[in-house]
Structure formats: structure tokens, C-alpha cells
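Worksheet: the structure to be examined is printed underneath.
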Amino acid sequence: MLELAAQQVVNGLLVGAIYALMALGLMVILGILRIINMAQGELYMLGGYFCYLTVAKLGVSYFPALVVAMVLTAVAGIFMDRLAIRPLMRRPFYMVFLSTLAISMILRNAAELIWGPDPQTIPSPFSPLPIVIGPIYLTTQKLFIFGAALLAVAAFAAFLRWTRAGMAIRALARDHDTALLMGIDANRIRAITFGVGAALAGAAGALIGAMFDVYPTMGELPLLKGFALVVMAGMGSVAGVFVAGLTLGVAEGLTAAFLSTGYADLVAFVVMLCVLMVKPEGLTTWGRSRA
Amino acid sequence: MPRGGIWLAWFVALAVLPATMPNAYVQYVVNLSLILAFATIGLNVIFGYAGQHAFGFPVFFGVGAYASALLAIDAGWPVAFSIPAAALVAGAVSAIIGFPSFRLRGIYFGVATIAFSYVIYIIAQNWVDFTRGPMGIPLIPELRILPAGGPIEIGRDAQVRIAAVALLGVVLWIVSRLMDSAIGRAWIAIRENENLAASLGISPLRYQMAAFVLGAAISGLGGGLYAHYVGFVSPVELGFHYVVVVFIMLIAGGVGTLAGPLVGAVVFGVLPEILRVAEMARSLLLGVILLLCIAVVPEGLTGLWSRLKTLRAAPGGKARPAPAWTRAESETRQSGMPEAPLVPPSTPPGALEVHRVSKRFQGLNALSDVSFKVAAGEVVGLIGPNGAGKTTLFNIITGFLKPTSGTVHYRAEQISARAPHDIAGLGITRTYQITSVFPDLTVAENIRTATHLRACRSPLATLIRTPRFVESEASVRSAVDAYLDMVGLSPNAEVRASALSYGDQRRLEVAIALATGARLLLLDEPAAGLNAEETDELCELIRRMRHGGFTVIVIEHDMRMVMSVCDRIVVLNHGQMIFDGTPEEAAADQAVIDAYLGTVTDDA
Amino acid sequence: MLEIKDVEAGYGRTPVLHAISLTVQPREIVSLIGSNGAGKSTTLKTISGLLRTRRGTIRFEDKTLSELPPHSVVRAGISHVPEGRRLFADMTVHENLVLGAYTCPPGDLAGRLADVYGFFPRLRDRSAQAAGSLSGGEQQMVAIGRGLMAKPALLMLDEPSMGLAPKLVAQVADIVRSIREMGIGVLLVEQNARLALDISDRAYLLQMGAVVKEGRSATLRDDPVVRRTYLGR
């Protein structure tokens, strides 16, 4: 019993780290651009496919392929914004929401048409031999995924905290007009935000894709959960989202083991709904700039 | 309002025509589209008319499907009962979901509806004992309007189509009746400007819930039809794909119109089938259609249609400059006789008492211990420098803010803890610093909406058009004409409020405030942006209001206007009241002068 | 240095400015006074690019600013310290100041910080504190310091004395005078007319979106038209 729980906790941490990456990408786009990007799941999916294509078709090794996938996804994200979202910015916000939904449908179907609906496996450089620690089975791949996700989150936090662009992003999120008065070019930062947000999703997809295969609809559920996470953890604290993500992953794992796998998916939504009922304004928006 | 004859013809055609097609598949597709129309019509009520972004709403179609199937199979109900019951079940579920969700603001409301819809989906997938899980419910009893083997033989598809069309007719009749009444106007008001709607006496929560539940019941009705036509339901009917498809159909057909959801469902239900060649790319095509709609034709097909119609017709609807505010000026000036009084307010007069009101925001004292009285029929000016707390005080009086301490009484009743729409019901109304009208409604519709509290609002009376209802609507119409006349906007009655010039929008605001029948009007910077001539006309109107028995409190910075029109002046500075007296005294009071002109510490 | 001619601007449908014209010379302190709603803040926002100029031109040292986005206006040498200070409250004083220098080349940053801390020594002690936790007077210093970090040729201050106790108001007056000594021009918006006329060289009196009087501040101080605009008689 305890072994099962322990194993599920470990697996849950892994999944949770991935959720956190999704959530951070959503968060930065939502925080700066006030857009709920329903196509974020498809960017995650594209990350997986870019990685798959780079490894399987171009013969590049996995680790550089990861980076390539992130870059390509970032580009795809910026493109998506320029072509299909920015032109619609004057429309009421529900239109923008629905348009990202439309983009998500288009991308998903396009992936089905181009690469087929069947899952593809990314050739993995990792040894399949498990590392056994007590009752827990780990593989190098799992460790890598967790470590890479952690690294990505840390890099993102550092980016926000210490780079000029990161500072601009934080400023824009807190007080848009005053940020403009600092000389911040809103359009450039917008592109950077989308690029970074997409890269995070792409990283998540590429990382998990090597373990669980890539397929066109792989982004649907992670998107919803990532979004639930943003609502639950509040916006603005990278560490907060990361911890919340891990917690969600663990909670799901335990629910799957002890209740049922199907109901595990409920956890994210139930918790989110509870949070919203208690705090209808949602959790802290990205800082308050009353001074 | 669509003309009855055309509708009838169209329905008959829809019911009969496809029967002439030999292809059973085409009939199937048309029937499915008709059934999906219930989902789009239901969504239209909450999303199109009431303007609530309930993104997960189409789930109620599936809820109805499951409810009807389970009632028929597990409880043995006849189909004729299980389908209407399914509508009720969907309505009930929506009430449970809607009530907590409407507390959420902004995007979180839509997000919560998505979450709820996903929760329902997951439950359906996993509660296998009840819902049969992912395999779904097969062998659902058929819908038949004629007994099998009876004297009349009509194909099953045709039977279902006749049933669907008949029920659609009933649903559309209900919806159109409701929309052409105070209830429909209230929904639109909430959609266009929720705060303004509340200050006109419309309770946002009540009307949002009503739209939510009605829309869900309609969707559930369609779901029931679906279950007994297709014979099989599974969690797919509760899934996100349906959500998106229904939205596309609604937007592409035309949100917020009567025919839109029907057109959307039929055209875009059929379209993917016509594009069978591109079966594999169905989602992609639908996504592209949605994007095109949003980018190019947000009003959908019906909107496009009416745009084309108005293009061919004479270009009307351009705003014309309105004549002077007050009619028959020249007559009164010559004859010296007083003007005819304004349309009398509907509520009795009363005194307002603000007693030791304070308001703190996170360490900032917006108002400190403010007390004053306003007697019935007075015109009081509320003045003070920027940040003095004047608008905060208005927000407290009208219920948009609660005071940290102190009370407000009107006609000896305490109002400080009441909701804005309740306070409106007592006869208090306000205008806003930034022009607040319903921008996409015509001038006449704006004023008509403002008469909400004086109109018949009973759903039953609205549906069956009782004499009381008819009379109420007639008196609303004549009141609207009177107010249009009074502020000089009659020539622009059918113009969109957003197309009016700034000065005319201000007039409209005043007309809206008067149309509520309120006795106490709070005007927040009504002269802002008006030129000298318009300001004089505004003063004249306020004088007439006083003459007509209204009580007015005016926030203004235009001191000329305040001096000329106010009986008394209350001066606020830094949240405190520093003066209460006549305008002449105010201009001579040192504290007032210092507050306005500022002070400098002489450091030399 | 700064020249505005016949500028019209507003928010959405609300017209606020009707054909405003004014100039600011180098090393001048010019104030915009007028009662509330007269369009003073709107004028600053139009110059800094937050609001679109519907008509008229804004020229600054041979550059036309009327069509430029806010970040280009900053680069052109105009810094706008907004009404209500609008500090990034949960960022530190240091971070706020660094953001003020967003447009400056990275090499200059240390030098500019030193200058600003020299100008406002109190802030050096508080540099790691969250800006929102400072007192009103200190926040105003941060706001002005942030504006100075952009090394502007023209500094626009929107109601710097608002919400400050009289003693601090005097301090603000001194700060504004010192800024002029640094060679920076100042365009000052103030509801506190007496303060504004005390500090500035020239003033424009705004009413209902138009300039109704302009001239040397000393002359305007005793002009009854000022009193009439504010008090109506």
C-alpha cells in the first residue's frame, strides 16, 4: 500500500512538473496579454512533434533536438500570434478566446492530416533499466524529465527576474500604461512573451513525448489542467505555480491509485472550482501596482 | 419581428421537403441539424441575448440526452414524457451550476462553466453503474409520433423531423415573446452594460439565472430528441468537440438574433456533410470557418443578410443634430407661462439623509464622517477638488459600494446595505462621469430599457400577452416618445447610441435617468465635455426637473453652472465635508477657496 | 523645445482637448493649471503618447511626436511621471529606478543610478524595500527619480503634490526647482494653482479643454480670471 503510494507520489511529481511548464506558459501569456490561449495545448503537441521529427527524420540526437523543438515552437507561437491573434485584438475578448479555440482545432486536425492520428514514438537515448530506490522504480528518463522541467522553470524564473525583457514583462503585467512610459515597446515584448510561453509548452511536449509518445490530441487535457493550475496557484509567482503543479500531479497520482484512474482527471477541476467559490476574484493577479 | 407567414412556410418546407429526397442519409443529416438547433438556440439565450460567456454551456444538450435515455430505459418512462423531463433535468442541473458560477467575474465565469462541463464529462465516463461509462447507452427507445403499424404510414425520419420542427416552433415562439418584452430588454441590458442595467433596477443575478436555466432547458430538450432519434448516447455528446461545434454554429449563424441559431445549425450542420470529401479535415474546416466568422463576419449569416438589405435600402440611420434640449423654448419665453411639467415620476418624493458616512480603501480614507441632508425637491451641488470623494459618495448612495461606517437613508428607509437594483426600485437613479448608455442599442431602445421598473415583467403575462401586458407595453411606448421629445432626440430615435455625438449621448443619459421614474437623480459631471450653449440648456433642464418635483444632486466642476442651478452646495475635500450652505456663501468661504486654489507653505 | 499646436484629443467618444497650443523652452518650468476636468492630465498623456492626437501637431526638438508610440517619446527625451505616482508597488525601489532607465544603454545604468541617489539620498537607504511600503513623500521621490533615470530633456510631472502633507509639498517645490538647475525643462500639471504659480516661470490656464489664459506665473498669480475659473465667480 505504502509502496504504491510512494510510487504514485514519484510519478506524480514528474507529471506535475510538466503541468507546471504548461501553466507557466499560459500564465505569462494571460498575465501580459490578457489572452487565454486555448491553443497552448497544440503548441505543447507541436513541441512533441518537432522533437520527434528532428530525432526520427533528421537523425539529430535527443538533447539538441529538445532545444530545436523549443525554438521551433517559440517561432510557431510568435507566428500564431501575429497572424491570428493580434489582428483580432480589437474584438471583444470572448472573440479572441474563441479564435484561439479555432486555432487549436485547426492545428490539431492539421497534425492529424500531416502526421496521421496514430501515436509516434520518439527514439529515446535513455536506458530502460530501472533504478530501484527502496520500493520506488525510477528510470534515468524520468529523472531527466523532472530535472529538465525544473531547469526550464528555474531558467524562466531567472529570465523574469534578471533580464531586461523579463523586467519589462513584469512591468507590463502590473501596470500597462506606466510600463509604456518607461519606454517599453509593447509589441516587441508581446512577441517575446508569446515566444517564451510557446517555448515552455514546447519543452513540456518534447519532454513528455519521449516517454509517452506524441499524438495530435495530446495537448487537450494538459491545457485544461495547466489552466486550472493557473487559476489555483494565482499568477505571478513562478515558484507558486511549480509547487502547485507538483501537488496536483501527486494528488492525481494518488487518486488514480486509490480511487480510479478516470476520476484522477477530476482533481484539477474540482480544486479549481473550490478555489473560485472561495475567492471569486481568483487568486492574486500579478501584483497590485497601487502606489 | 419575423413575419408569421414566412416562418410558417419555411417550417412546412423544412418539415416536408427533405422527405421528397430519396436519400435517407440526407434526411438524417437534416434531422440532426434541426436537433442541434435546440443547442444553438439555448446557447443563444444565455450567450447571445444575455451576453454571458458560458463557454461550457453546450454540455446541457448532452445532459438532456443522458437524462432522457436513462429515464426511458432505467425508469421505464414513455418517450413522450422522458423528453420534456430531460429539459427539466437539464434546467435543474444548470441551476446548480449557474448559481455559484455567476458570483465569478470576468473570464473566471466562462472558465468555471468549462470546468463544470468537463466534470460532467468525466463523471459520465467513470460512473459506469449509472451512465454506462465510456461505452455509452445503446438501444434507446425510438421517438415515434405515430404508433407503428397504425393507419397512417410516415417514415421514421419524417416523424422525427415533424416533431423537431414543431418543438422548434414552440421554443422559438417562447423566445421571441420573451425577447419582445421587459424580460428580453433586461437580458440585453445586462449584456450591453451590466452596471447601468443594475442602476435601472434590473437584478443581474436573477436575469442571468433565468437565461441560464431557460437556455439549458431548451438545450436539454434537444438532447432528449437526439437520444431517441439516434438511439445511442455516449460521453462524446458531453465532450468539448460538441461545445466548439455549437459555438461555431451560433456565431456563424448570427449571435443574438432569432433566426441566427436556426440558420447556423442547419447550414453548418449540413455543410460538413456536403464537404464529405474533406471528412478528415472536418475540424480544420470548422476552425477556419470560426476564424473567418470572427474576423470578417462576426454578426454571422443573418447579420450579413441584414447588412446586405440595408445596403440596398436608402441609407438611413445617420445621426442628425438634435434641436435644443428644451422644446418650445421660444413659446415659453414669449408667453411667460411655465412649461408643461415633465412626465411625472412614478415614485413618491422623499428626503435623503447621509449620516456620518466613512469609506476606507486599503489605508486610504476616501470619505470621513460625511453628513448632510437633501430635502425633497432640492437641487444640491456636490463639489470639491479631484479625489475629494464625490463619486465614491455617489457609489455608496446608489449601492455600488458599501460604507465602512455610517448610514444612508432615503424616505426614512436605510439603503446603505442594499443592492443597486433594489435602490433603483426605490426611485433613485444616477448618471456617470464617463458616458454610460447601451452603445449598440438605438436611442429609443435605450429609453425603453430604462422603463424596466414601470413595465410588466411577469413571464406568464409576457408569454400569453394578457391585457395588463399589452397595456404596459403601450404605456412604455408612449413614455419613450415623451422622453425622446423632452430631450430633443426624437429625430434620432432609431439611431444607435454609439453613433450619437457626445452632447447627444449626454442627453440620452438624462432621458434614461428620467425614464426610470426615479425621484432622486444623482448626476455625475453631466456638463463634462459640453460647450457653453449645451451647458445652459442642461441648466434649464435641471430647473425644469426641480419644477417637476424631482430632487437632484449634481457633481460638477463647472462652477458657473453649479452657482446658477443649485439651491445648496456641499463641498468635500480629502474625503471630508468642509462646507454646507448656499452657493454665494461657498464662493466667499475661505476654506472652500483654499481647497480649490490650493495652498503653498511660505518657506522663504 | 516642446511645441504643441492646435491639439485635439480625448478618450473614446469623450472629447477633452480642443485646439491646445503651448510651448516649453529649455530650462523652463511651465505649469498647466485649471480646475478638474479641464484637460491637464489629458494634455500630458497626449504628449507622452498614451493618447492619440486626433488633430494638431506635437513637435519636440525637430521631431514630430504626434504619431509616435509612448516608447518612442521616451527615447526622444520626454519623461512622464504619471498622476498618482503609479509605482510598481511590489518591486523594490531599485527595480523601479532601473525600469525608469529601460531605454538607456546598459553601460550608463550605474552612473544614472548614482546621480539619482545623489539627488535623493533618502532613497539609497530604502533601495531594497518594496516601493509600495514607502511613505507618500518617499514614493513621490521614487516616482520623480524614476522619471529622471531616463535622462530626459523634458520632465512632465502630473500632480506631484497630490495627497501630500503641506511640508512635503514644499519639498516637492524645492525638488522641481533643483531639476531645472540640472538643465532639464519641466512641464508641471497641478490642481494646486498657488503652488504651481509659485514654482513655475510661465503658466497656462486650462478650462474645458482649451487654454483661456497664458503668461508669466508671477502675473497670473494675482489675475482674477484664475480665481474665477476655479470658483465660478
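Residues are referred to by chain and number: the chain letter is A, B, ... according to the order shown in the C-alpha cells, the number counts from 1 in that chain, and ligands are numbered separately from 1 in the order shown.
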**Request:** For chain A, work out the contacting residues on chain B at 8 Å, counting only C-alpha atoms, and write them as number ranges by chain.
**Result:** B: 53, 100-101, 103-105, 108, 112, 115-116, 118-119, 122-123, 125-126, 244, 280-288, 290-291, 294-295
**Request:** Could you please tell me, as a PyMOL selection string, which residues of chain C have an atom within 8 Å of chain B when using only C-alpha atoms?
**Result:** chain C and resi 13-16+35-37+166-167+169-170+191-195+198+208+227+229-233
Please dump the current selection as a compact mmCIF listing (two decimals), in the first residue's frame; keep N, CA and C atoms.
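The resulting file, out.txt, is reproduced below:
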# COMPACT_ATOMS: atom_id res chain seq x y z
N ARG C 13 -15.20 58.38 -27.06
CA ARG C 13 -16.07 59.39 -27.64
C ARG C 13 -15.95 60.73 -26.92
N THR C 14 -15.31 60.70 -25.74
CA THR C 14 -15.30 61.93 -24.96
C THR C 14 -14.21 62.87 -25.45
N PRO C 15 -14.59 63.99 -26.01
CA PRO C 15 -13.55 64.94 -26.43
C PRO C 15 -13.09 65.71 -25.21
N VAL C 16 -11.82 65.89 -25.04
CA VAL C 16 -11.35 66.61 -23.87
C VAL C 16 -10.56 67.85 -24.26
N SER C 35 -9.09 73.92 -13.28
CA SER C 35 -9.88 73.09 -12.39
C SER C 35 -9.98 71.69 -12.96
N ASN C 36 -10.60 70.85 -12.20
CA ASN C 36 -10.68 69.47 -12.60
C ASN C 36 -11.43 69.25 -13.89
N GLY C 37 -10.99 68.31 -14.67
CA GLY C 37 -11.69 68.04 -15.92
C GLY C 37 -11.31 69.01 -17.01
N PRO C 166 1.39 69.35 3.71
CA PRO C 166 1.95 70.66 3.29
C PRO C 166 3.47 70.74 3.36
N LYS C 167 4.06 70.12 4.37
CA LYS C 167 5.52 70.19 4.47
C LYS C 167 6.17 69.51 3.26
N VAL C 169 4.79 69.12 0.43
CA VAL C 169 4.51 69.91 -0.76
C VAL C 169 5.63 70.92 -0.97
N ALA C 170 6.10 71.50 0.10
CA ALA C 170 7.21 72.45 -0.02
C ALA C 170 8.46 71.75 -0.54
N GLN C 191 -3.23 70.81 -9.74
CA GLN C 191 -4.52 71.36 -9.41
C GLN C 191 -4.35 72.48 -8.38
N ASN C 192 -3.26 72.35 -7.61
CA ASN C 192 -2.95 73.37 -6.61
C ASN C 192 -2.36 74.57 -7.34
N ALA C 193 -3.24 75.48 -7.70
CA ALA C 193 -2.80 76.58 -8.58
C ALA C 193 -1.75 77.46 -7.92
N ARG C 194 -1.93 77.71 -6.65
CA ARG C 194 -0.99 78.62 -5.98
C ARG C 194 0.41 78.04 -5.99
N LEU C 195 0.50 76.74 -5.69
CA LEU C 195 1.80 76.09 -5.70
C LEU C 195 2.43 76.18 -7.09
N ASP C 198 3.66 79.49 -7.97
CA ASP C 198 4.81 79.86 -7.16
C ASP C 198 6.11 79.32 -7.74
N MET C 208 -12.06 73.63 -19.65
CA MET C 208 -12.86 72.88 -20.61
C MET C 208 -12.07 72.56 -21.87
N ARG C 227 -8.99 82.85 -10.36
CA ARG C 227 -9.94 82.58 -9.29
C ARG C 227 -11.31 82.25 -9.86
N THR C 229 -12.05 80.92 -12.74
CA THR C 229 -12.11 79.59 -13.35
C THR C 229 -12.30 78.52 -12.30
N TYR C 230 -11.62 78.69 -11.19
CA TYR C 230 -11.72 77.67 -10.15
C TYR C 230 -13.01 77.77 -9.37
N LEU C 231 -13.45 79.00 -9.10
CA LEU C 231 -14.57 79.16 -8.18
C LEU C 231 -15.84 79.65 -8.84
N GLY C 232 -15.79 80.01 -10.09
CA GLY C 232 -17.01 80.40 -10.79
C GLY C 232 -17.43 81.83 -10.60
N ARG C 233 -16.77 82.53 -9.72
CA ARG C 233 -17.13 83.95 -9.60
C ARG C 233 -15.97 84.72 -9.02
**Request:** Extract, using only C-alpha atoms, all DNA, RNA and protein residues at most 10 Å from range 138-142 of chain C, discarding same-chain residues fewer than 6 positions from it, and format them as an NGL selection string.
**Result:** (:A and (291)) or (:C and (81 or 84-87 or 89 or 93-94 or 96-97 or 100 or 116-117 or 119-120 or 122-123 or 126-127 or 131-132 or 148 or 160-162 or 164 or 168 or 171-172 or 175))
**Asked** What are the DSSP alpha helix (DSSP H) residues of range 147-308 of chain B, as an MDAnalysis selection string?
**Response** chainID B and resid 156:179 182:192 194:199 204:230 240:253 260:274 282:295 300:308
Can you list every residue of chain A that has an atom at most 12 Å from chain C, with its nearest atom pair and the distance in Å to one decimal, using only C-alpha atoms, ordered by chain then number, as CSV?
residue,atom,partner,partner_atom,distance
A:Arg161,CA,C:Glu95,CA,10.1
A:Trp162,CA,C:Glu95,CA,10.2
A:Thr163,CA,C:Tyr102,CA,11.3
A:Arg164,CA,C:Tyr102,CA,7.7
A:Ala165,CA,C:Tyr102,CA,9.6
A:Gly166,CA,C:Leu99,CA,11.0
A:Met167,CA,C:Leu99,CA,7.5
A:Ala168,CA,C:Leu99,CA,7.7
A:Ile169,CA,C:Leu99,CA,11.1
A:Arg170,CA,C:Phe88,CA,9.3
A:Ala171,CA,C:Phe88,CA,7.1
A:Leu172,CA,C:Phe88,CA,9.9
A:Ala173,CA,C:Phe88,CA,10.1
A:Arg174,CA,C:Phe88,CA,6.9
A:Asp175,CA,C:Phe88,CA,7.3
A:His176,CA,C:Leu50,CA,10.4
A:Asp177,CA,C:Leu50,CA,7.2
A:Thr178,CA,C:Arg86,CA,6.7
A:Ala179,CA,C:Leu99,CA,8.3
A:Leu180,CA,C:Pro70,CA,5.8
A:Leu181,CA,C:Pro70,CA,6.1
A:Met182,CA,C:Gly100,CA,5.3
A:Gly183,CA,C:His71,CA,3.8
A:Ile184,CA,C:His71,CA,5.5
A:Asp185,CA,C:His71,CA,5.6
A:Ala186,CA,C:His71,CA,8.3
A:Asn187,CA,C:Pro69,CA,10.4
A:Arg188,CA,C:His71,CA,11.0
A:Ile189,CA,C:His71,CA,11.9
A:Gly236,CA,C:Asp90,CA,11.1
A:Trp286,CA,C:Asp90,CA,9.8
A:Gly287,CA,C:Asp90,CA,6.5
A:Arg288,CA,C:Ala89,CA,6.7
A:Ser289,CA,C:Ala89,CA,4.8
A:Arg290,CA,C:Ala89,CA,6.2
A:Ala291,CA,C:Leu87,CA,5.2
**Asked** What is the distance, in Å and to one decimal place, between CA of Cys566 in chain B and CA of Cys539 in chain B?
**Response** 9.4 Å
**Which of range 56-230 of chain A DSSP labels strand (DSSP E), written as a ChimeraX atom specification** = /A:131-133,136-138
Output N, CA and C atoms for every residue in that selection, as a PDB file, in the first residue's frame.
ATOM      1  N   ILE A 131      16.099   2.234 -11.975  1.00  0.00           N
ATOM      2  CA  ILE A 131      16.913   2.450 -10.788  1.00  0.00           C
ATOM      3  C   ILE A 131      15.982   2.234  -9.619  1.00  0.00           C
ATOM      4  N   VAL A 132      16.317   1.312  -8.796  1.00  0.00           N
ATOM      5  CA  VAL A 132      15.397   0.985  -7.711  1.00  0.00           C
ATOM      6  C   VAL A 132      15.891   1.604  -6.414  1.00  0.00           C
ATOM      7  N   ILE A 133      15.050   2.443  -5.847  1.00  0.00           N
ATOM      8  CA  ILE A 133      15.363   3.028  -4.539  1.00  0.00           C
ATOM      9  C   ILE A 133      14.271   2.592  -3.587  1.00  0.00           C
ATOM     10  N   ILE A 136      10.638   2.172  -4.761  1.00  0.00           N
ATOM     11  CA  ILE A 136      10.324   3.059  -5.886  1.00  0.00           C
ATOM     12  C   ILE A 136      11.179   2.713  -7.099  1.00  0.00           C
ATOM     13  N   TYR A 137      10.512   2.634  -8.247  1.00  0.00           N
ATOM     14  CA  TYR A 137      11.200   2.388  -9.506  1.00  0.00           C
ATOM     15  C   TYR A 137      11.388   3.712 -10.246  1.00  0.00           C
ATOM     16  N   LEU A 138      12.613   4.034 -10.524  1.00  0.00           N
ATOM     17  CA  LEU A 138      12.869   5.233 -11.332  1.00  0.00           C
ATOM     18  C   LEU A 138      13.600   4.822 -12.584  1.00  0.00           C
TER      19      LEU A 138
END
**Asked** What does the distance between CA of Glu3 in chain C and CA of Leu206 in chain C come to in Å, to one decimal place?
**Response**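 Taking CA of Glu3 in chain C as the start and CA of Leu206 in chain C as the end point, the length is 16.4 Å.
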**Asked** Quick one: residues within 9 Å of Ala157 in chain A, only C-alpha atoms counted, chain neighbours fewer than 2 positions away excluded, as an MDAnalysis selection string?
**Response** chainID A and resid 152:155 159:162 166 237:239
Could the residues in this selection be saved with C-alpha atoms as a tab-separated table (two decimals), in the first residue's frame?
chain	number	residue	atom	x	y	z
A	152	ALA	CA	13.28	25.15	-17.50
A	153	VAL	CA	11.20	26.55	-14.67
A	154	ALA	CA	14.29	27.94	-12.96
A	155	ALA	CA	15.51	29.44	-16.21
A	159	PHE	CA	14.54	35.28	-17.10
A	160	LEU	CA	11.67	37.10	-15.45
A	161	ARG	CA	13.72	38.27	-12.53
A	162	TRP	CA	17.01	39.29	-14.04
A	166	GLY	CA	11.71	39.81	-18.06
A	237	SER	CA	4.70	33.50	-8.62
A	238	VAL	CA	6.73	31.03	-10.64
A	239	ALA	CA	7.62	29.04	-7.56
**Request:** Give me the residues within 9 Å of Arg202 in chain C as a ChimeraX atom specification, counting only C-alpha atoms and dropping any in the same chain fewer than 3 places off.
**Result:** /C:24,28-32,197,214-218,220
Prev. selection, C-alpha atoms, output as an mmCIF file, in the first residue's frame:
data_model
loop_
_atom_site.group_PDB
_atom_site.id
_atom_site.type_symbol
_atom_site.label_atom_id
_atom_site.label_comp_id
_atom_site.auth_asym_id
_atom_site.auth_seq_id
_atom_site.Cartn_x
_atom_site.Cartn_y
_atom_site.Cartn_z
ATOM 1 C CA VAL C 24 8.172 74.836 -23.242
ATOM 2 C CA GLU C 28 11.956 76.469 -18.118
ATOM 3 C CA ILE C 29 9.361 75.406 -15.595
ATOM 4 C CA VAL C 30 5.974 75.702 -17.220
ATOM 5 C CA SER C 31 2.810 74.820 -15.367
ATOM 6 C CA LEU C 32 -0.611 73.822 -16.564
ATOM 7 C CA LEU C 197 2.288 79.559 -9.947
ATOM 8 C CA GLU C 214 -1.272 82.230 -20.502
ATOM 9 C CA GLY C 215 1.576 84.279 -19.270
ATOM 10 C CA ARG C 216 4.276 84.703 -16.660
ATOM 11 C CA SER C 217 3.322 82.945 -13.460
ATOM 12 C CA ALA C 218 4.019 85.961 -11.306
ATOM 13 C CA LEU C 220 -1.128 85.243 -13.268
#
**Asked** Counting only C-alpha atoms, what is within 8 Å of Leu205 in chain C, bar same-chain residues fewer than 4 positions away, as a count of residues only?
**Response** 8
